[in-house]
$ cat coords27.pdb   # PDB, C-alpha atoms
ATOM      1  CA  MET A   6     147.153  30.254  76.075
ATOM      2  CA  ALA A   7     145.129  28.238  78.588
ATOM      3  CA  GLN A   8     143.582  25.056  77.315
ATOM      4  CA  PRO A   9     139.962  24.131  78.232
ATOM      5  CA  THR A  10     139.725  21.703  81.069
ATOM      6  CA  ASP A  11     138.623  18.186  80.135
ATOM      7  CA  PRO A  12     135.576  17.143  82.206
ATOM      8  CA  ALA A  13     137.080  13.686  82.607
ATOM      9  CA  THR A  14     140.389  14.932  84.051
ATOM     10  CA  PRO A  15     141.011  14.583  87.776
ATOM     11  CA  GLY A  16     140.186  17.520  89.946
ATOM     12  CA  THR A  17     136.959  18.405  88.225
ATOM     13  CA  THR A  18     133.626  18.132  90.024
ATOM     14  CA  PRO A  19     131.414  15.396  88.501
ATOM     15  CA  THR A  20     127.860  16.316  87.634
ATOM     16  CA  THR A  21     125.283  14.823  90.016
ATOM     17  CA  ARG A  22     122.281  13.082  88.549
ATOM     18  CA  PRO A  23     118.879  13.917  90.005
ATOM     19  CA  ALA A  24     117.573  11.247  92.372
ATOM     20  CA  LEU A  25     114.768   9.099  91.063
ATOM     21  CA  PRO A  26     111.430   9.557  92.851
ATOM     22  CA  ALA A  27     110.732   6.902  95.456
ATOM     23  CA  ALA A  28     108.184   4.268  94.523
ATOM     24  CA  PRO A  29     104.849   4.566  96.341
ATOM     25  CA  PRO A  30     104.317   2.002  99.100
ATOM     26  CA  GLY A  31     102.588  -1.241  98.288
ATOM     27  CA  ARG A  32     101.885  -3.020  95.031
ATOM     28  CA  PRO A  33      99.833  -0.744  92.763
ATOM     29  CA  LEU A  34      96.432  -2.054  91.740
ATOM     30  CA  SER A  35      96.368  -2.748  88.023
ATOM     31  CA  ALA A  36      93.733  -1.134  85.848
ATOM     32  CA  GLY A  37      92.644  -4.580  84.682
ATOM     33  CA  VAL A  38      91.684  -5.722  88.176
ATOM     34  CA  ALA A  39      89.795  -2.489  88.828
ATOM     35  CA  LEU A  40      87.885  -2.843  85.543
ATOM     36  CA  LEU A  41      87.159  -6.499  86.309
ATOM     37  CA  ALA A  42      85.698  -5.555  89.682
ATOM     38  CA  VAL A  43      83.451  -2.916  88.125
ATOM     39  CA  ALA A  44      82.311  -5.303  85.378
ATOM     40  CA  VAL A  45      81.442  -8.015  87.895
ATOM     41  CA  ALA A  46      79.689  -5.419  90.056
ATOM     42  CA  VAL A  47      77.438  -4.464  87.145
ATOM     43  CA  VAL A  48      76.662  -8.126  86.419
ATOM     44  CA  ASN A  49      76.009  -8.819  90.102
ATOM     45  CA  LEU A  50      73.738  -5.821  90.375
ATOM     46  CA  LEU A  51      71.614  -6.780  87.373
ATOM     47  CA  VAL A  52      71.523 -10.564  87.733
ATOM     48  CA  GLY A  53      71.409 -10.483  91.523
ATOM     49  CA  ALA A  54      68.483  -8.073  91.552
ATOM     50  CA  LEU A  55      66.648 -10.219  88.999
ATOM     51  CA  LEU A  56      67.140 -13.462  90.932
ATOM     52  CA  THR A  57      66.221 -11.828  94.230
ATOM     53  CA  ILE A  58      63.057 -10.152  92.954
ATOM     54  CA  VAL A  59      61.857 -13.311  91.216
ATOM     55  CA  ALA A  60      62.467 -15.343  94.374
ATOM     56  CA  LEU A  61      60.606 -12.807  96.512
ATOM     57  CA  THR A  62      57.574 -13.223  94.268
ATOM     58  CA  GLY A  63      57.633 -16.983  94.867
ATOM     59  CA  HIS A  64      58.891 -18.004  91.420
ATOM     60  CA  VAL A  65      62.048 -19.830  90.354
ATOM     61  CA  LEU A  66      64.564 -18.456  87.876
ATOM     62  CA  GLY A  67      68.017 -19.874  87.344
ATOM     63  CA  ALA A  68      70.371 -21.698  85.048
ATOM     64  CA  TRP A  69      69.131 -25.058  86.354
ATOM     65  CA  PRO A  70      65.853 -26.325  87.861
ATOM     66  CA  SER A  71      65.497 -25.659  91.591
ATOM     67  CA  PRO A  72      62.887 -27.229  93.862
ATOM     68  CA  GLU A  73      62.422 -23.998  95.845
ATOM     69  CA  PRO A  74      62.871 -20.263  95.092
ATOM     70  CA  LEU A  75      64.959 -19.826  98.242
ATOM     71  CA  SER A  76      68.254 -21.174  96.876
ATOM     72  CA  PRO A  77      68.394 -19.060  93.691
ATOM     73  CA  GLY A  78      67.108 -16.132  95.734
ATOM     74  CA  LEU A  79      70.028 -16.441  98.151
ATOM     75  CA  LEU A  80      72.457 -16.658  95.248
ATOM     76  CA  GLY A  81      70.986 -13.428  93.927
ATOM     77  CA  ALA A  82      71.145 -11.843  97.378
ATOM     78  CA  ALA A  83      74.843 -12.667  97.671
ATOM     79  CA  MET A  84      75.491 -11.144  94.251
ATOM     80  CA  LEU A  85      73.446  -8.079  95.072
ATOM     81  CA  GLY A  86      75.078  -7.589  98.472
ATOM     82  CA  THR A  87      78.635  -7.620  97.140
ATOM     83  CA  ALA A  88      78.017  -5.245  94.217
ATOM     84  CA  PRO A  89      78.506  -1.953  96.159
ATOM     85  CA  ALA A  90      81.797  -3.196  97.611
ATOM     86  CA  LEU A  91      83.075  -4.154  94.158
ATOM     87  CA  PHE A  92      82.291  -0.675  92.854
ATOM     88  CA  THR A  93      84.537   0.837  95.545
ATOM     89  CA  LEU A  94      87.551  -1.038  94.164
ATOM     90  CA  ALA A  95      87.619   1.454  91.301
ATOM     91  CA  ARG A  96      89.015   3.964  93.835
ATOM     92  CA  ALA A  97      91.541   1.575  95.393
ATOM     93  CA  ARG A  98      95.195   2.338  94.717
ATOM     94  CA  THR A  99      97.043  -0.717  95.991
ATOM     95  CA  TRP A 100      96.619  -4.464  95.719
ATOM     96  CA  GLN A 101      96.679  -4.676  99.508
ATOM     97  CA  GLU A 102      93.390  -2.748  99.640
ATOM     98  CA  ALA A 103      91.688  -4.994  97.108
ATOM     99  CA  ARG A 104      92.947  -8.536  97.608
ATOM    100  CA  THR A 105      90.629  -9.470 100.481
ATOM    101  CA  LEU A 106      87.724  -8.936  98.075
ATOM    102  CA  VAL A 107      89.272  -9.790  94.703
ATOM    103  CA  LEU A 108      90.508 -13.244  95.707
ATOM    104  CA  PRO A 109      87.072 -14.382  97.001
ATOM    105  CA  LEU A 110      85.602 -12.881  93.830
ATOM    106  CA  ALA A 111      87.892 -15.024  91.683
ATOM    107  CA  LEU A 112      86.920 -18.032  93.789
ATOM    108  CA  VAL A 113      83.219 -17.370  93.180
ATOM    109  CA  LEU A 114      83.698 -16.989  89.429
ATOM    110  CA  ALA A 115      85.804 -20.128  89.086
ATOM    111  CA  GLY A 116      83.633 -22.119  91.492
ATOM    112  CA  LEU A 117      80.300 -21.283  89.884
ATOM    113  CA  PHE A 118      81.718 -21.928  86.417
ATOM    114  CA  ALA A 119      83.103 -25.301  87.527
ATOM    115  CA  VAL A 120      79.801 -26.251  89.180
ATOM    116  CA  SER A 121      77.926 -25.300  86.013
ATOM    117  CA  LEU A 122      80.243 -27.372  83.825
ATOM    118  CA  LEU A 123      80.177 -30.397  86.139
ATOM    119  CA  ASN A 124      76.380 -30.285  86.126
ATOM    120  CA  ALA A 125      76.022 -29.257  82.484
ATOM    121  CA  HIS A 126      73.546 -32.060  81.823
ATOM    122  CA  ARG A 127      71.242 -30.529  84.441
ATOM    123  CA  LEU A 128      71.269 -27.024  82.939
ATOM    124  CA  TYR A 129      68.263 -25.809  81.004
ATOM    125  CA  ILE A 130      70.313 -25.508  77.809
ATOM    126  CA  ALA A 131      70.928 -29.280  77.926
ATOM    127  CA  ASP A 132      67.768 -30.551  79.603
ATOM    128  CA  GLY A 133      65.300 -28.158  78.000
ATOM    129  CA  GLY A 134      62.634 -26.048  79.623
ATOM    130  CA  PRO A 135      60.946 -22.659  79.293
ATOM    131  CA  VAL A 136      62.486 -20.321  76.743
ATOM    132  CA  VAL A 137      63.354 -17.710  79.363
ATOM    133  CA  SER A 138      65.137 -20.288  81.505
ATOM    134  CA  VAL A 139      67.052 -21.695  78.533
ATOM    135  CA  LEU A 140      68.217 -18.223  77.496
ATOM    136  CA  PHE A 141      69.147 -17.380  81.079
ATOM    137  CA  SER A 142      71.112 -20.623  81.343
ATOM    138  CA  LEU A 143      72.979 -19.858  78.128
ATOM    139  CA  GLY A 144      73.808 -16.330  79.253
ATOM    140  CA  TRP A 145      74.835 -17.592  82.694
ATOM    141  CA  LEU A 146      77.347 -20.063  81.275
ATOM    142  CA  PHE A 147      78.730 -17.663  78.663
ATOM    143  CA  THR A 148      79.118 -14.768  81.113
ATOM    144  CA  LEU A 149      80.792 -16.914  83.757
ATOM    145  CA  GLY A 150      83.242 -18.319  81.231
ATOM    146  CA  LEU A 151      84.091 -14.866  79.920
ATOM    147  CA  LEU A 152      84.580 -13.450  83.410
ATOM    148  CA  CYS A 153      86.757 -16.402  84.429
ATOM    149  CA  VAL A 154      89.086 -15.802  81.484
ATOM    150  CA  ALA A 155      89.162 -12.081  82.264
ATOM    151  CA  ALA A 156      89.918 -12.784  85.928
ATOM    152  CA  ALA A 157      92.810 -15.091  85.029
ATOM    153  CA  VAL A 158      94.310 -12.507  82.672
ATOM    154  CA  CYS A 159      93.852  -9.613  85.097
ATOM    155  CA  LEU A 160      95.297 -11.484  88.068
ATOM    156  CA  ALA A 161      98.276 -12.563  85.969
ATOM    157  CA  GLY A 162      98.839  -8.938  85.021
ATOM    158  CA  GLN A 163      98.483  -7.903  88.647
ATOM    159  CA  GLY A 164     101.197 -10.358  89.615
ATOM    160  CA  ARG A 165     103.594  -8.703  87.163
ATOM    161  CA  THR A 166     103.261  -5.237  88.684
ATOM    162  CA  ARG A 167     106.338  -4.003  90.502
ATOM    163  CA  PRO A 168     105.799  -3.651  94.258
ATOM    164  CA  GLY A 169     106.992  -0.670  96.248
ATOM    165  CA  PRO A 170     107.991  -0.499  99.906
ATOM    166  CA  PRO A 171     105.806  -2.424 102.374
ATOM    167  CA  VAL A 172     102.567  -0.719 103.324
ATOM    168  CA  PRO A 173     102.399  -0.047 107.069
ATOM    169  CA  ARG A 174      99.374  -1.282 108.978
ATOM    170  CA  THR A 175      97.537   1.790 110.209
ATOM    171  CA  VAL A 176      94.435   0.332 111.912
ATOM    172  CA  PRO A 177      95.250  -3.179 113.195
ATOM    173  CA  LEU A 178      92.495  -5.467 114.373
ATOM    174  CA  PRO A 179      91.829  -5.292 118.116
ATOM    175  CA  GLY A 180      92.700  -8.448 119.988
ATOM    176  CA  TRP A 181      89.141  -9.116 121.137
ATOM    177  CA  ALA A 182      87.889  -9.237 117.525
ATOM    178  CA  LYS A 183      90.247 -11.929 116.258
ATOM    179  CA  PRO A 184      88.728 -15.050 117.918
ATOM    180  CA  PRO A 185      85.149 -14.280 116.764
ATOM    181  CA  LEU A 186      86.391 -13.576 113.243
ATOM    182  CA  ALA A 187      88.309 -16.845 113.209
ATOM    183  CA  VAL A 188      85.206 -18.775 114.300
ATOM    184  CA  LEU A 189      82.982 -16.951 111.798
ATOM    185  CA  GLY A 190      85.348 -17.465 108.882
ATOM    186  CA  SER A 191      85.957 -21.105 109.739
ATOM    187  CA  SER A 192      82.212 -21.747 109.964
ATOM    188  CA  TRP A 193      81.499 -20.371 106.503
ATOM    189  CA  LEU A 194      84.590 -22.074 105.113
ATOM    190  CA  GLY A 195      83.622 -25.433 106.584
ATOM    191  CA  ILE A 196      80.000 -25.501 105.468
ATOM    192  CA  GLY A 197      80.981 -24.176 102.052
ATOM    193  CA  THR A 198      83.595 -26.866 101.553
ATOM    194  CA  GLY A 199      81.157 -29.558 102.643
ATOM    195  CA  LEU A 200      78.393 -28.398 100.310
ATOM    196  CA  LEU A 201      80.799 -28.129  97.411
ATOM    197  CA  VAL A 202      82.660 -31.423  97.855
ATOM    198  CA  ARG A 203      79.910 -33.678  99.239
ATOM    199  CA  PRO A 204      76.588 -32.040  98.372
ATOM    200  CA  GLY A 205      74.616 -35.248  98.802
ATOM    201  CA  PHE A 206      75.524 -35.427 102.485
ATOM    202  CA  TRP A 207      75.793 -31.767 103.475
ATOM    203  CA  ALA A 208      72.600 -30.736 101.690
ATOM    204  CA  GLY A 209      70.778 -32.443 104.559
ATOM    205  CA  PHE A 210      72.083 -29.688 106.843
ATOM    206  CA  VAL A 211      70.411 -26.975 104.766
ATOM    207  CA  PRO A 212      67.092 -26.119 106.472
ATOM    208  CA  TRP A 213      65.104 -26.042 103.226
ATOM    209  CA  HIS A 214      64.731 -28.289 100.215
ATOM    210  CA  THR A 215      67.687 -28.173  97.809
ATOM    211  CA  ASN A 216      69.102 -30.270  95.009
ATOM    212  CA  ARG A 217      72.712 -31.079  94.159
ATOM    213  CA  VAL A 218      73.435 -28.029  91.993
ATOM    214  CA  ASP A 219      71.805 -25.627  94.444
ATOM    215  CA  ALA A 220      73.865 -27.068  97.291
ATOM    216  CA  GLN A 221      77.126 -26.747  95.378
ATOM    217  CA  ALA A 222      76.378 -23.202  94.209
ATOM    218  CA  LEU A 223      75.517 -22.150  97.758
ATOM    219  CA  GLY A 224      78.696 -23.885  98.885
ATOM    220  CA  VAL A 225      80.779 -21.767  96.519
ATOM    221  CA  TRP A 226      79.408 -18.562  98.016
ATOM    222  CA  ALA A 227      79.792 -19.841 101.580
ATOM    223  CA  LEU A 228      83.372 -20.854 100.832
ATOM    224  CA  ALA A 229      84.112 -17.404  99.403
ATOM    225  CA  LEU A 230      82.644 -15.722 102.482
ATOM    226  CA  GLY A 231      84.872 -17.839 104.693
ATOM    227  CA  VAL A 232      87.945 -17.027 102.627
ATOM    228  CA  GLY A 233      87.095 -13.329 102.747
ATOM    229  CA  VAL A 234      86.637 -13.251 106.523
ATOM    230  CA  LEU A 235      89.778 -15.278 107.195
ATOM    231  CA  GLY A 236      91.685 -13.181 104.666
ATOM    232  CA  SER A 237      90.674 -10.030 106.516
ATOM    233  CA  LEU A 238      91.876 -11.647 109.715
ATOM    234  CA  ALA A 239      95.235 -12.430 108.112
ATOM    235  CA  GLU A 240      95.470  -8.903 106.660
ATOM    236  CA  ASP A 241      95.149  -7.501 110.199
ATOM    237  CA  ASP A 242      94.392  -3.972 109.022
ATOM    238  CA  LEU A 243      90.898  -2.517 108.983
ATOM    239  CA  ASP A 244      91.960   0.303 106.688
ATOM    240  CA  ARG A 245      93.065  -2.140 103.982
ATOM    241  CA  THR A 246      89.911  -4.246 104.238
ATOM    242  CA  ARG A 247      87.350  -1.453 103.781
ATOM    243  CA  PRO A 248      85.846  -2.987 100.586
ATOM    244  CA  ALA A 249      85.577  -6.406 102.211
ATOM    245  CA  LEU A 250      83.977  -4.840 105.286
ATOM    246  CA  LEU A 251      81.383  -3.200 103.051
ATOM    247  CA  SER A 252      80.475  -6.504 101.407
ATOM    248  CA  LEU A 253      79.723  -8.294 104.690
ATOM    249  CA  PRO A 254      76.726  -6.270 105.943
ATOM    250  CA  GLY A 255      75.393  -5.859 102.406
ATOM    251  CA  THR A 256      75.374  -9.607 101.862
ATOM    252  CA  ALA A 257      73.907 -10.260 105.306
ATOM    253  CA  LEU A 258      71.065  -7.771 104.818
ATOM    254  CA  ALA A 259      70.183  -9.086 101.359
ATOM    255  CA  MET A 260      70.165 -12.665 102.644
ATOM    256  CA  THR A 261      67.994 -11.644 105.590
ATOM    257  CA  VAL A 262      65.389 -10.133 103.270
ATOM    258  CA  VAL A 263      65.175 -13.319 101.200
ATOM    259  CA  LEU A 264      65.075 -15.575 104.259
ATOM    260  CA  ALA A 265      62.355 -13.461 105.860
ATOM    261  CA  ALA A 266      60.245 -13.385 102.702
ATOM    262  CA  ARG A 267      60.526 -17.154 102.221
ATOM    263  CA  GLY A 268      60.538 -17.962 105.929
ATOM    264  CA  ALA A 269      57.583 -20.328 105.666
ATOM    265  CA  HIS A 270      59.768 -22.746 103.689
ATOM    266  CA  VAL A 271      62.596 -22.793 106.258
ATOM    267  CA  ASP A 272      62.679 -25.288 109.119
ATOM    268  CA  TRP A 273      63.430 -22.727 111.828
ATOM    269  CA  SER A 274      63.224 -25.303 114.613
ATOM    270  CA  SER A 275      66.268 -27.179 113.317
ATOM    271  CA  GLY A 276      69.849 -26.761 114.445
ATOM    272  CA  PRO A 277      71.120 -25.752 110.984
ATOM    273  CA  ALA A 278      68.588 -22.908 110.871
ATOM    274  CA  LEU A 279      69.840 -21.587 114.213
ATOM    275  CA  SER A 280      73.422 -21.872 112.991
ATOM    276  CA  LEU A 281      72.517 -19.984 109.826
ATOM    277  CA  ILE A 282      70.967 -17.162 111.859
ATOM    278  CA  VAL A 283      74.110 -16.861 113.969
ATOM    279  CA  MET A 284      76.405 -16.927 110.932
ATOM    280  CA  VAL A 285      74.418 -14.291 109.028
ATOM    281  CA  ALA A 286      74.257 -12.127 112.156
ATOM    282  CA  GLY A 287      78.013 -12.593 112.484
ATOM    283  CA  LEU A 288      78.550 -11.172 108.996
ATOM    284  CA  LEU A 289      76.430  -8.151 109.855
ATOM    285  CA  ALA A 290      78.180  -7.609 113.185
ATOM    286  CA  ALA A 291      81.658  -8.015 111.686
ATOM    287  CA  GLY A 292      81.007  -5.485 108.947
ATOM    288  CA  ALA A 293      79.284  -2.944 111.195
ATOM    289  CA  SER A 294      81.861  -3.145 113.989
ATOM    290  CA  GLY A 295      84.701  -2.906 111.475
ATOM    291  CA  HIS A 296      83.299   0.304 110.021
ATOM    292  CA  LEU A 297      82.835   1.783 113.485
ATOM    293  CA  LEU A 298      86.406   0.908 114.446
ATOM    294  CA  VAL A 299      87.811   2.428 111.254
ATOM    295  CA  ARG A 300      85.751   5.573 111.696
ATOM    296  CA  GLY A 301      86.822   5.894 115.311
ATOM    297  CA  ALA A 302      90.485   5.382 114.468
ATOM    298  CA  THR A 303      90.520   7.882 111.605
ATOM    299  CA  GLY A 304      88.505  10.390 113.618
ATOM    300  CA  GLY A 305      90.859  10.051 116.558
ATOM    301  CA  GLY A 306      93.853  10.485 114.285
ATOM    302  CA  ARG A 307      92.400  13.655 112.793
ATOM    303  CA  ARG A 308      91.604  15.097 116.217
ATOM    304  CA  SER A 309      95.121  14.283 117.390
ATOM    305  CA  SER A 310      96.662  15.935 114.328
ATOM    306  CA  ALA A 311      94.453  18.974 114.753
ATOM    307  CA  GLY A 312      95.426  19.206 118.410
ATOM    308  CA  GLN A 313      99.110  19.061 117.551
ATOM    309  CA  LEU A 314      98.713  21.795 114.944
ATOM    310  CA  MET A 315      96.809  24.015 117.360
ATOM    311  CA  SER A 316      99.322  23.523 120.143
ATOM    312  CA  GLY A 317     102.197  24.110 117.747
ATOM    313  CA  GLY A 318     100.565  27.286 116.467
ATOM    314  CA  SER A 319     100.024  28.565 120.001
ATOM    315  CA  ARG A 320     103.663  28.001 120.883
ATOM    316  CA  SER A 321     104.733  29.841 117.739
ATOM    317  CA  ASP A 322     102.508  32.770 118.596
ATOM    318  CA  LEU A 323     103.863  32.962 122.141
ATOM    319  CA  SER A 324     107.445  32.782 120.985
ATOM    320  CA  GLY A 325     106.926  35.435 118.364
ATOM    321  CA  GLY A 326     107.596  33.009 115.507
ATOM    322  CA  PRO A 327     105.645  32.825 112.278
ATOM    323  CA  ARG A 328     102.120  31.350 112.342
ATOM    324  CA  SER A 329     101.870  27.951 110.692
ATOM    325  CA  GLU A 330      99.911  27.717 107.460
ATOM    326  CA  PRO A 331      96.760  25.514 107.539
TER     327      PRO A 331
END
$ encode --input "coords27.pdb" --output "structure tokens"
Amino acid sequence: MAQPTDPATPGTTPTTRPALPAAPPGRPLSAGVALLAVAVAVVNLLVGALLTIVALTGHVLGAWPSPEPLSPGLLGAAMLGTAPALFTLARARTWQEARTLVLPLALVLAGLFAVSLLNAHRLYIADGGPVVSVLFSLGWLFTLGLLCVAAAVCLAGQGRTRPGPPVPRTVPLPGWAKPPLAVLGSSWLGIGTGLLVRPGFWAGFVPWHTNRVDAQALGVWALALGVGVLGSLAEDDLDRTRPALLSLPGTALAMTVVLAARGAHVDWSSGPALSLIVMVAGLLAAGASGHLLVRGATGGGRRSSAGQLMSGGSRSDLSGGPRSEP
């Protein structure tokens, strides 16, 4: 009587295990970072709109006393201009798509919180003032501290995600765009660093009246803009930097509205004012040209794919083969 064959005996065919699915390319964006971006976008939208509207009416609202509505108005404009771009990160899938906006965001949160703590004796909650300003100052400090802790936790979690294969660059920056971007990013980075580190000296280059805290807060935002522009240059892929590209024209337009409304308080005949105009226009031009280049590249790719499908279908029809499915 024949005995059953042992699966482990030689001559038998081993069972093949199904292959594991390949990991998607890139490092996946963690849910924590996406939620952080949306939370900051909501805060930026509400607080930025409030600061901007109050400044446009000629009044001052902020966590600390300001000699002129222009500085807190520009802070609000920067917050308001970046909010739409932060909302788009909820649809991002990879860290590569988000990092050119998330890293400057973390810099803004940490920088503004540090500036507020270093100048805590100048805040309304320490120095006193109107009830609305004291409450705003308290909420400002508490919200910044909470968001800084959340950013640290979310970025730590993002660093623990397992990366997949490298993401190919689909829409690289054209060569002619790299030198202007380098100059633009370096300009914002330089003035931001100066205002943040030595506000007493660099505040003299601001074409309106500012105090120490205003200069440092504006320096944080300028530094973040420089990091974002230079980060996009290093990323060298317009498709990955879509959120960052959206933040540039939004910030530039919001700043332009505030500067135009408070133009009587700006020394437009000075060199710093001319430099500011060029730098704000550079943000607008960089964002607009980037969107046009991305749209042209994706449109060209779709037309090319459609042309290949049509030509392939025609050849199949002529050869009597089956028609390709759409």
$ atom_distance --input "coords27.pdb" --atom1 "CA of Gly301 (chain A)" --atom2 "CA of Pro248 (chain A)"
17.2 Å
$ axis_aligned_box --input "coords27.pdb" --around "region 170-182 of chain A" --padding-each-side "3 Å" --output "JSON"
{"center_x": 97.9, "center_y": -3.7, "center_z": 110.5, "size_x": 26.1, "size_y": 17.0, "size_z": 27.2}
$ resolve_selection --input "coords27.pdb" --expression "the PyMOL selection byres ((chain A and resi 271) around 12)" --output "number ranges by chain"
A: 73-76, 210-215, 263-270, 272-279, 281-282
$ atom_distance --input "coords27.pdb" --atom1 "CA of Arg104 (chain A)" --atom2 "CA of Glu240 (chain A)"
9.4 Å
$ atom_distance --input "coords27.pdb" --atom1 "CA of Gly190 (chain A)" --atom2 "CA of Val232 (chain A)"
6.8 Å
$ closest_residue --input "coords27.pdb" --among "A:Val172, A:Val225, A:Ala90, A:Leu140" --to "Asp242 (chain A)" --atoms "only C-alpha atoms"
A:Val172
$ closest_residue --input "coords27.pdb" --among "A:Leu79, A:Leu251, A:Val218, A:Leu41" --to "His126 (chain A)" --atoms "only C-alpha atoms"
A:Val218
$ closest_residue --input "coords27.pdb" --among "A:Leu228, A:Val45, A:Glu102, A:Gly67" --to "Ser142 (chain A)" --atoms "all atoms listed in the file"
A:Gly67
$ residues_around --input "coords27.pdb" --residues "Arg165 (chain A)" --least-positions-apart "6" --cutoff "12 Å" --atoms "only C-alpha atoms" --output "PDB file with C-alpha atoms, in the coordinates of the input"
ATOM      1  CA  ARG A  32     101.885  -3.020  95.031  1.00  0.00           C
ATOM      2  CA  PRO A  33      99.833  -0.744  92.763  1.00  0.00           C
ATOM      3  CA  LEU A  34      96.432  -2.054  91.740  1.00  0.00           C
ATOM      4  CA  SER A  35      96.368  -2.748  88.023  1.00  0.00           C
ATOM      5  CA  GLY A  37      92.644  -4.580  84.682  1.00  0.00           C
ATOM      6  CA  TRP A 100      96.619  -4.464  95.719  1.00  0.00           C
ATOM      7  CA  VAL A 158      94.310 -12.507  82.672  1.00  0.00           C
ATOM      8  CA  CYS A 159      93.852  -9.613  85.097  1.00  0.00           C
TER       9      CYS A 159
END
$ closest_residue --input "coords27.pdb" --among "A:Val59, A:Val137, A:Ala249, A:Leu108" --to "Thr93 (chain A)" --atoms "all atoms listed in the file"
A:Ala249
$ residues_around --input "coords27.pdb" --residues "Thr246 (chain A)" --least-positions-apart "5" --cutoff "12 Å" --atoms "all atoms listed in the file" --output "PyMOL selection string"
chain A and resi 90+93-94+97+99-107+174-178+233-241+251-253+291-292+295-296+298-299
